[in-house]
>>> print(open('work_36.cif').read())   # mmCIF, C-alpha atoms
data_input
loop_
_atom_site.label_atom_id
_atom_site.label_comp_id
_atom_site.auth_asym_id
_atom_site.auth_seq_id
_atom_site.Cartn_x
_atom_site.Cartn_y
_atom_site.Cartn_z
CA MET L 1 9.92 29.07 11.37
CA LEU L 2 6.90 27.04 10.20
CA GLY L 3 7.29 24.86 13.31
CA GLN L 4 7.21 27.93 15.55
CA ASP L 5 4.12 29.22 13.74
CA PHE L 6 2.44 25.84 14.19
CA ARG L 7 3.17 25.73 17.93
CA ARG L 8 1.97 29.33 18.37
CA VAL L 9 -1.32 28.69 16.53
CA VAL L 10 -2.00 25.40 18.33
CA SER L 11 -1.38 26.99 21.74
CA ASP L 12 -3.50 30.12 21.06
CA GLN L 13 -6.43 29.75 23.45
CA GLU L 14 -8.40 32.52 21.77
CA LEU L 15 -8.78 30.68 18.45
CA ASN L 16 -11.99 28.79 17.98
CA THR L 17 -11.78 25.20 16.75
CA ARG L 18 -12.69 26.08 13.15
CA THR L 19 -10.05 28.84 12.91
CA LEU L 20 -7.44 26.56 14.48
CA GLU L 21 -8.17 23.72 12.04
CA HIS L 22 -8.12 26.10 9.07
CA SER L 23 -4.80 27.63 10.15
CA VAL L 24 -3.16 24.23 10.58
CA GLN L 25 -4.57 23.02 7.26
CA MET L 26 -3.13 26.04 5.45
CA MET L 27 0.24 25.45 7.15
CA SER L 28 0.15 21.92 5.72
CA VAL L 29 -0.36 23.38 2.24
CA VAL L 30 2.57 25.76 2.84
CA LEU L 31 4.72 22.88 4.11
CA GLN L 32 4.15 20.94 0.89
CA ASP L 33 5.03 24.03 -1.16
CA CYS L 34 8.22 24.56 0.87
CA TRP L 35 9.18 20.93 0.28
CA ALA L 36 8.57 21.32 -3.47
CA GLN L 37 10.78 24.41 -3.55
CA PHE L 38 13.55 22.60 -1.68
CA VAL L 39 13.46 19.60 -4.04
CA ARG L 40 13.41 21.85 -7.10
CA GLY L 41 16.37 23.83 -5.78
CA LEU L 42 18.30 20.65 -4.99
CA ILE L 43 17.81 19.26 -8.47
CA VAL L 44 18.49 22.57 -10.24
CA SER L 45 21.68 23.12 -8.23
CA SER L 46 22.79 19.55 -8.95
CA ALA L 47 22.14 19.96 -12.68
CA SER L 48 23.92 23.32 -12.81
CA GLY L 49 27.06 22.24 -10.99
CA ARG L 50 26.34 24.33 -7.90
CA ALA L 51 25.81 21.40 -5.54
CA VAL L 52 28.51 20.33 -3.10
CA SER L 53 29.00 16.83 -1.69
CA SER L 54 29.21 16.03 2.03
CA ASN L 55 33.02 16.01 1.81
CA GLY L 56 32.97 19.52 0.31
CA SER L 57 33.79 18.70 -3.30
CA SER L 58 31.76 20.24 -6.12
CA ILE L 59 29.33 18.04 -8.00
CA VAL L 60 29.90 18.57 -11.70
CA GLY L 61 26.66 19.55 -13.44
CA SER L 62 24.97 18.07 -16.45
CA HIS L 63 27.23 17.93 -19.48
CA THR L 64 24.76 19.99 -21.55
CA LEU L 65 23.67 22.55 -18.96
CA GLY L 66 26.33 24.60 -17.27
CA ASN L 67 24.60 27.05 -14.96
CA VAL L 68 21.36 27.78 -13.11
CA ILE L 69 20.02 30.09 -15.82
CA LYS L 70 20.43 27.40 -18.50
CA VAL L 71 18.81 24.79 -16.27
CA GLU L 72 15.88 27.13 -15.52
CA GLN L 73 15.48 27.89 -19.24
CA TRP L 74 15.54 24.18 -20.03
CA LEU L 75 12.85 23.53 -17.42
CA VAL L 76 10.61 26.26 -18.86
CA LEU L 77 11.00 24.87 -22.37
CA ASN L 78 10.37 21.28 -21.29
CA ARG L 79 7.76 21.66 -18.56
CA PRO L 80 4.53 19.71 -18.96
CA GLN L 81 1.48 21.56 -20.31
CA ASN L 82 2.77 25.05 -19.49
CA ARG L 83 2.85 24.44 -15.74
CA ASP L 84 5.60 23.78 -13.27
CA VAL L 85 6.61 20.25 -12.39
CA ASP L 86 5.08 18.70 -9.25
CA TRP L 87 8.41 18.78 -7.42
CA HIS L 88 6.82 17.60 -4.17
CA VAL L 89 6.09 14.18 -5.72
CA THR L 90 9.23 12.08 -5.39
CA ALA L 91 8.68 9.97 -8.51
CA ILE L 92 8.08 13.06 -10.65
CA SER L 93 11.04 14.98 -9.27
CA LEU L 94 13.31 11.98 -9.85
CA HIS L 95 12.02 11.70 -13.43
CA TRP L 96 13.15 15.31 -13.98
CA ALA L 97 16.44 14.62 -12.21
CA THR L 98 16.99 11.84 -14.75
CA ARG L 99 16.08 14.09 -17.67
CA LEU L 100 18.46 16.75 -16.35
CA LYS L 101 21.14 14.08 -15.94
CA ILE L 102 22.14 15.15 -12.45
CA PRO L 103 25.33 13.33 -11.48
CA ASN L 104 24.21 12.65 -7.90
CA LYS L 105 20.83 11.18 -8.86
CA SER L 106 21.28 7.90 -6.98
CA ASP L 107 22.10 9.74 -3.74
CA VAL L 108 19.23 12.20 -4.21
CA ALA L 109 16.84 9.33 -5.05
CA SER L 110 17.95 7.45 -1.94
CA ALA L 111 17.24 10.42 0.29
CA LEU L 112 13.98 11.60 -1.30
CA GLY L 113 12.60 8.08 -1.60
CA SER L 114 13.47 7.02 1.92
CA THR L 115 10.78 5.44 4.04
CA ASN L 116 11.27 8.24 6.53
CA SER L 117 9.89 10.82 4.08
CA PRO L 118 6.36 12.02 4.90
CA GLU L 119 5.87 13.11 1.27
CA SER L 120 3.04 10.70 0.40
CA GLU L 121 1.04 11.22 3.59
CA LEU L 122 1.36 15.01 3.40
CA ARG L 123 0.36 14.91 -0.28
CA ALA L 124 -2.73 12.78 0.48
CA TYR L 125 -3.69 15.09 3.35
CA ARG L 126 -3.05 18.28 1.35
CA ASN L 127 -5.05 16.98 -1.62
CA PHE L 128 -7.98 16.32 0.71
CA ILE L 129 -7.70 19.79 2.24
CA VAL L 130 -7.47 21.59 -1.10
CA HIS L 131 -9.99 19.54 -3.11
CA ARG L 132 -12.40 18.27 -0.40
CA CYS L 133 -14.32 15.57 -2.16
CA LYS L 134 -15.12 11.92 -1.52
CA ASP L 135 -12.28 10.78 -3.77
CA THR L 136 -9.56 12.77 -1.97
CA ALA L 137 -11.00 11.84 1.43
CA LEU L 138 -10.94 8.15 0.46
CA ARG L 139 -7.34 8.39 -0.80
CA ALA L 140 -6.29 10.12 2.42
CA GLN L 141 -8.01 7.47 4.54
CA GLN L 142 -6.40 4.70 2.45
CA ASN L 143 -2.92 6.16 2.92
CA VAL L 144 -1.21 3.69 5.23
CA SER L 145 0.48 6.38 7.31
CA LEU L 146 -2.63 8.53 7.69
CA SER L 147 -4.86 5.57 8.50
CA SER L 148 -2.46 4.55 11.25
CA TYR L 149 -3.58 7.57 13.28
CA GLY L 150 -6.92 5.81 13.61
CA HIS L 151 -8.93 8.97 13.40
CA SER L 152 -11.92 9.47 11.12
CA ASN L 153 -11.85 13.28 11.19
CA LEU L 154 -9.19 14.11 8.60
CA GLN L 155 -9.24 17.83 9.40
CA GLU L 156 -7.59 17.13 12.73
CA VAL L 157 -4.74 14.85 11.55
CA PRO L 158 -1.90 17.44 11.82
CA MET L 159 -2.87 18.17 15.43
CA LEU L 160 -2.96 14.54 16.56
CA HIS L 161 -0.08 13.20 18.60
CA VAL L 162 2.44 10.62 17.42
CA THR L 163 4.58 8.36 19.57
CA GLY L 164 6.91 10.54 21.61
CA GLY L 165 4.40 13.33 22.18
CA ALA L 166 4.95 15.47 19.08
CA ARG L 167 2.04 16.34 16.88
CA VAL L 168 1.74 14.92 13.36
CA PHE L 169 2.59 18.30 11.77
CA GLU L 170 5.75 18.63 13.87
CA ASP L 171 6.66 15.04 12.99
CA TRP L 172 6.26 15.88 9.28
CA LEU L 173 8.58 18.87 9.74
CA ARG L 174 11.18 16.80 11.59
CA ARG L 175 11.12 14.03 9.00
CA PHE L 176 11.35 16.47 6.06
CA GLN L 177 14.32 18.14 7.76
CA LEU L 178 16.03 14.78 8.15
CA VAL L 179 15.45 13.85 4.48
CA ALA L 180 16.57 17.33 3.37
CA THR L 181 19.77 17.05 5.42
CA VAL L 182 20.62 13.69 3.86
CA ALA L 183 19.66 14.83 0.34
CA SER L 184 21.76 18.00 0.66
CA LYS L 185 24.88 16.08 1.64
CA THR L 186 25.09 13.94 -1.47
#
>>> encode(input="work_36.cif", output="structure tokens")
Amino acid sequence: MLGQDFRRVVSDQELNTRTLEHSVQMMSVVLQDCWAQFVRGLIVSSASGRAVSSNGSSIVGSHTLGNVIKVEQWLVLNRPQNRDVDWHVTAISLHWATRLKIPNKSDVASALGSTNSPESELRAYRNFIVHRCKDTALRAQQNVSLSSYGHSNLQEVPMLHVTGGARVFEDWLRRFQLVATVASKT
């Protein structure tokens, strides 16, 4: 759905450049939030015993937490500084997977930490879009993947083309879908 929205916005000839850039930037923020929700759901379902392996067998949950409600309660009680965990950051989500003692942690870590994941480049781009300061712009420009686009105007990154003709945003979607598919079949 987000991919269809992206293609519709990018092809809308009536949008001026500023409106187009803003729309695509906000879709990038939404994409990161969707990824965070997916990762959170994956880890909660793994900890609660609701996850299923690729061969169809149930993954037994954490020995201390038996269902989704207990896992959610545990997360509320243990969350940092009365805020939700940054589930979109692989290292942080894997830290919580360890604390929750999910039985499929090595498989989940393999998938989420794969080199195919666009998590770090999307995070650097999103942080620039949301915070817009020299520091976030510098971090985005220093991100190896973002700098490889060779473009100095960060606002336009999601609309640039990658090898094969897709745009960066569509490539992020495709790569997240691939990582999600692998992570879900652990």
>>> atom_distance(input="work_36.cif", atom1="CA of Leu65 in chain L", atom2="CA of Ser48 in chain L")
6.2 Å
>>> resolve_selection(input="work_36.cif", expression="the PyMOL selection byres ((chain L and resi 8-13) around 12)", output="VMD selection string")
chain L and resid 1 to 7 14 to 27 156 158 to 160 167 169 to 170
>>> atom_distance(input="work_36.cif", atom1="CA of Arg50 in chain L", atom2="CA of Ser110 in chain L")
19.8 Å
>>> closest_residue(input="work_36.cif", among="L:Val157, L:Val44, L:Leu173, L:Val179", to="Ala124 in chain L", atoms="all atoms listed in the file")
L:Val157
>>> resolve_selection(input="work_36.cif", expression="the PyMOL selection byres ((chain L and resi 85-95) around 10)", output="JSON, numbers by chain")
{"L": [32, 33, 34, 35, 36, 37, 38, 39, 40, 41, 43, 75, 76, 78, 79, 80, 81, 82, 83, 84, 96, 97, 98, 99, 100, 101, 102, 105, 106, 108, 109, 111, 112, 113, 114, 117, 119, 120, 122, 123]}
>>> atom_distance(input="work_36.cif", atom1="CA of Ser45 in chain L", atom2="CA of Leu31 in chain L")
21.0 Å
>>> closest_residue(input="work_36.cif", among="L:Thr163, L:Gln141, L:Tyr149, L:Thr115", to="Arg175 in chain L", atoms="all atoms listed in the file")
L:Thr115
>>> axis_aligned_box(input="work_36.cif", around="range 163-166 of chain L", padding_each_side="5 Å", output="JSON")
{"center_x": 5.7, "center_y": 11.9, "center_z": 20.6, "size_x": 12.5, "size_y": 17.1, "size_z": 13.1}
>>> decode(input="work_36.cif", residues="range 142-171 of chain L", atoms="N, CA, C and O atoms", output="PDB file, in the first residue's frame")
ATOM      1  N   GLN L 142      27.182  11.150   5.725  1.00  0.00           N
ATOM      2  CA  GLN L 142      28.264  10.221   6.050  1.00  0.00           C
ATOM      3  C   GLN L 142      27.813   8.766   5.982  1.00  0.00           C
ATOM      4  O   GLN L 142      28.642   7.868   5.997  1.00  0.00           O
ATOM      5  N   ASN L 143      26.499   8.529   5.916  1.00  0.00           N
ATOM      6  CA  ASN L 143      26.003   7.165   5.803  1.00  0.00           C
ATOM      7  C   ASN L 143      26.467   6.612   4.458  1.00  0.00           C
ATOM      8  O   ASN L 143      26.201   7.205   3.412  1.00  0.00           O
ATOM      9  N   VAL L 144      27.164   5.504   4.498  1.00  0.00           N
ATOM     10  CA  VAL L 144      27.761   4.941   3.290  1.00  0.00           C
ATOM     11  C   VAL L 144      26.723   4.732   2.187  1.00  0.00           C
ATOM     12  O   VAL L 144      26.947   5.094   1.030  1.00  0.00           O
ATOM     13  N   SER L 145      25.581   4.187   2.542  1.00  0.00           N
ATOM     14  CA  SER L 145      24.554   3.926   1.532  1.00  0.00           C
ATOM     15  C   SER L 145      23.976   5.208   0.957  1.00  0.00           C
ATOM     16  O   SER L 145      23.762   5.314  -0.246  1.00  0.00           O
ATOM     17  N   LEU L 146      23.715   6.190   1.806  1.00  0.00           N
ATOM     18  CA  LEU L 146      23.150   7.451   1.308  1.00  0.00           C
ATOM     19  C   LEU L 146      24.169   8.225   0.480  1.00  0.00           C
ATOM     20  O   LEU L 146      23.815   8.822  -0.535  1.00  0.00           O
ATOM     21  N   SER L 147      25.414   8.208   0.896  1.00  0.00           N
ATOM     22  CA  SER L 147      26.441   8.941   0.151  1.00  0.00           C
ATOM     23  C   SER L 147      26.691   8.312  -1.214  1.00  0.00           C
ATOM     24  O   SER L 147      27.144   8.981  -2.136  1.00  0.00           O
ATOM     25  N   SER L 148      26.370   7.037  -1.351  1.00  0.00           N
ATOM     26  CA  SER L 148      26.593   6.368  -2.638  1.00  0.00           C
ATOM     27  C   SER L 148      25.666   6.894  -3.732  1.00  0.00           C
ATOM     28  O   SER L 148      25.928   6.687  -4.908  1.00  0.00           O
ATOM     29  N   TYR L 149      24.602   7.594  -3.351  1.00  0.00           N
ATOM     30  CA  TYR L 149      23.719   8.166  -4.368  1.00  0.00           C
ATOM     31  C   TYR L 149      24.336   9.402  -4.997  1.00  0.00           C
ATOM     32  O   TYR L 149      23.853   9.897  -6.008  1.00  0.00           O
ATOM     33  N   GLY L 150      25.409   9.903  -4.374  1.00  0.00           N
ATOM     34  CA  GLY L 150      26.155  11.005  -4.952  1.00  0.00           C
ATOM     35  C   GLY L 150      25.342  12.259  -5.173  1.00  0.00           C
ATOM     36  O   GLY L 150      25.537  12.965  -6.140  1.00  0.00           O
ATOM     37  N   HIS L 151      24.447  12.543  -4.302  1.00  0.00           N
ATOM     38  CA  HIS L 151      23.578  13.699  -4.466  1.00  0.00           C
ATOM     39  C   HIS L 151      23.661  14.551  -3.211  1.00  0.00           C
ATOM     40  O   HIS L 151      23.549  14.057  -2.109  1.00  0.00           O
ATOM     41  N   SER L 152      23.855  15.840  -3.372  1.00  0.00           N
ATOM     42  CA  SER L 152      24.018  16.710  -2.207  1.00  0.00           C
ATOM     43  C   SER L 152      22.694  17.185  -1.624  1.00  0.00           C
ATOM     44  O   SER L 152      22.642  17.657  -0.511  1.00  0.00           O
ATOM     45  N   ASN L 153      21.611  17.077  -2.371  1.00  0.00           N
ATOM     46  CA  ASN L 153      20.311  17.529  -1.888  1.00  0.00           C
ATOM     47  C   ASN L 153      19.582  16.360  -1.221  1.00  0.00           C
ATOM     48  O   ASN L 153      18.906  15.578  -1.870  1.00  0.00           O
ATOM     49  N   LEU L 154      19.717  16.268   0.091  1.00  0.00           N
ATOM     50  CA  LEU L 154      19.165  15.126   0.829  1.00  0.00           C
ATOM     51  C   LEU L 154      17.653  14.987   0.695  1.00  0.00           C
ATOM     52  O   LEU L 154      17.133  13.879   0.748  1.00  0.00           O
ATOM     53  N   GLN L 155      16.958  16.105   0.517  1.00  0.00           N
ATOM     54  CA  GLN L 155      15.497  16.029   0.414  1.00  0.00           C
ATOM     55  C   GLN L 155      15.045  15.122  -0.725  1.00  0.00           C
ATOM     56  O   GLN L 155      13.974  14.543  -0.668  1.00  0.00           O
ATOM     57  N   GLU L 156      15.850  15.009  -1.747  1.00  0.00           N
ATOM     58  CA  GLU L 156      15.448  14.273  -2.939  1.00  0.00           C
ATOM     59  C   GLU L 156      15.852  12.799  -2.944  1.00  0.00           C
ATOM     60  O   GLU L 156      15.491  12.066  -3.867  1.00  0.00           O
ATOM     61  N   VAL L 157      16.584  12.342  -1.930  1.00  0.00           N
ATOM     62  CA  VAL L 157      17.116  10.974  -1.934  1.00  0.00           C
ATOM     63  C   VAL L 157      16.061   9.911  -2.244  1.00  0.00           C
ATOM     64  O   VAL L 157      16.279   9.061  -3.106  1.00  0.00           O
ATOM     65  N   PRO L 158      14.886   9.891  -1.598  1.00  0.00           N
ATOM     66  CA  PRO L 158      13.933   8.810  -1.880  1.00  0.00           C
ATOM     67  C   PRO L 158      13.458   8.767  -3.334  1.00  0.00           C
ATOM     68  O   PRO L 158      13.025   7.740  -3.817  1.00  0.00           O
ATOM     69  N   MET L 159      13.563   9.888  -4.035  1.00  0.00           N
ATOM     70  CA  MET L 159      13.078   9.936  -5.419  1.00  0.00           C
ATOM     71  C   MET L 159      14.161   9.635  -6.447  1.00  0.00           C
ATOM     72  O   MET L 159      13.882   9.505  -7.629  1.00  0.00           O
ATOM     73  N   LEU L 160      15.412   9.519  -5.997  1.00  0.00           N
ATOM     74  CA  LEU L 160      16.495   9.185  -6.911  1.00  0.00           C
ATOM     75  C   LEU L 160      16.358   7.740  -7.376  1.00  0.00           C
ATOM     76  O   LEU L 160      15.712   6.932  -6.712  1.00  0.00           O
ATOM     77  N   HIS L 161      16.991   7.425  -8.472  1.00  0.00           N
ATOM     78  CA  HIS L 161      16.914   6.074  -9.015  1.00  0.00           C
ATOM     79  C   HIS L 161      18.126   5.244  -8.592  1.00  0.00           C
ATOM     80  O   HIS L 161      19.232   5.758  -8.491  1.00  0.00           O
ATOM     81  N   VAL L 162      17.879   3.979  -8.333  1.00  0.00           N
ATOM     82  CA  VAL L 162      18.953   3.029  -8.048  1.00  0.00           C
ATOM     83  C   VAL L 162      19.154   2.164  -9.282  1.00  0.00           C
ATOM     84  O   VAL L 162      18.373   2.221 -10.223  1.00  0.00           O
ATOM     85  N   THR L 163      20.180   1.334  -9.264  1.00  0.00           N
ATOM     86  CA  THR L 163      20.422   0.425 -10.373  1.00  0.00           C
ATOM     87  C   THR L 163      19.180  -0.430 -10.598  1.00  0.00           C
ATOM     88  O   THR L 163      18.609  -0.964  -9.656  1.00  0.00           O
ATOM     89  N   GLY L 164      18.763  -0.546 -11.817  1.00  0.00           N
ATOM     90  CA  GLY L 164      17.568  -1.330 -12.133  1.00  0.00           C
ATOM     91  C   GLY L 164      16.347  -0.463 -12.385  1.00  0.00           C
ATOM     92  O   GLY L 164      15.298  -0.959 -12.769  1.00  0.00           O
ATOM     93  N   GLY L 165      16.460   0.847 -12.128  1.00  0.00           N
ATOM     94  CA  GLY L 165      15.382   1.762 -12.473  1.00  0.00           C
ATOM     95  C   GLY L 165      14.417   2.120 -11.350  1.00  0.00           C
ATOM     96  O   GLY L 165      13.658   3.065 -11.484  1.00  0.00           O
ATOM     97  N   ALA L 166      14.400   1.371 -10.268  1.00  0.00           N
ATOM     98  CA  ALA L 166      13.506   1.708  -9.158  1.00  0.00           C
ATOM     99  C   ALA L 166      14.023   2.953  -8.454  1.00  0.00           C
ATOM    100  O   ALA L 166      15.195   3.298  -8.552  1.00  0.00           O
ATOM    101  N   ARG L 167      13.152   3.593  -7.747  1.00  0.00           N
ATOM    102  CA  ARG L 167      13.561   4.739  -6.942  1.00  0.00           C
ATOM    103  C   ARG L 167      14.045   4.240  -5.580  1.00  0.00           C
ATOM    104  O   ARG L 167      13.726   3.130  -5.172  1.00  0.00           O
ATOM    105  N   VAL L 168      14.803   5.066  -4.885  1.00  0.00           N
ATOM    106  CA  VAL L 168      15.367   4.692  -3.588  1.00  0.00           C
ATOM    107  C   VAL L 168      14.266   4.247  -2.632  1.00  0.00           C
ATOM    108  O   VAL L 168      14.387   3.219  -1.958  1.00  0.00           O
ATOM    109  N   PHE L 169      13.159   5.002  -2.553  1.00  0.00           N
ATOM    110  CA  PHE L 169      12.070   4.645  -1.647  1.00  0.00           C
ATOM    111  C   PHE L 169      11.524   3.256  -1.958  1.00  0.00           C
ATOM    112  O   PHE L 169      11.306   2.445  -1.068  1.00  0.00           O
ATOM    113  N   GLU L 170      11.312   2.970  -3.239  1.00  0.00           N
ATOM    114  CA  GLU L 170      10.810   1.651  -3.640  1.00  0.00           C
ATOM    115  C   GLU L 170      11.831   0.561  -3.313  1.00  0.00           C
ATOM    116  O   GLU L 170      11.453  -0.543  -2.929  1.00  0.00           O
ATOM    117  N   ASP L 171      13.106   0.881  -3.452  1.00  0.00           N
ATOM    118  CA  ASP L 171      14.160  -0.068  -3.102  1.00  0.00           C
ATOM    119  C   ASP L 171      14.140  -0.347  -1.601  1.00  0.00           C
ATOM    120  O   ASP L 171      14.291  -1.483  -1.179  1.00  0.00           O
TER     121      ASP L 171
END
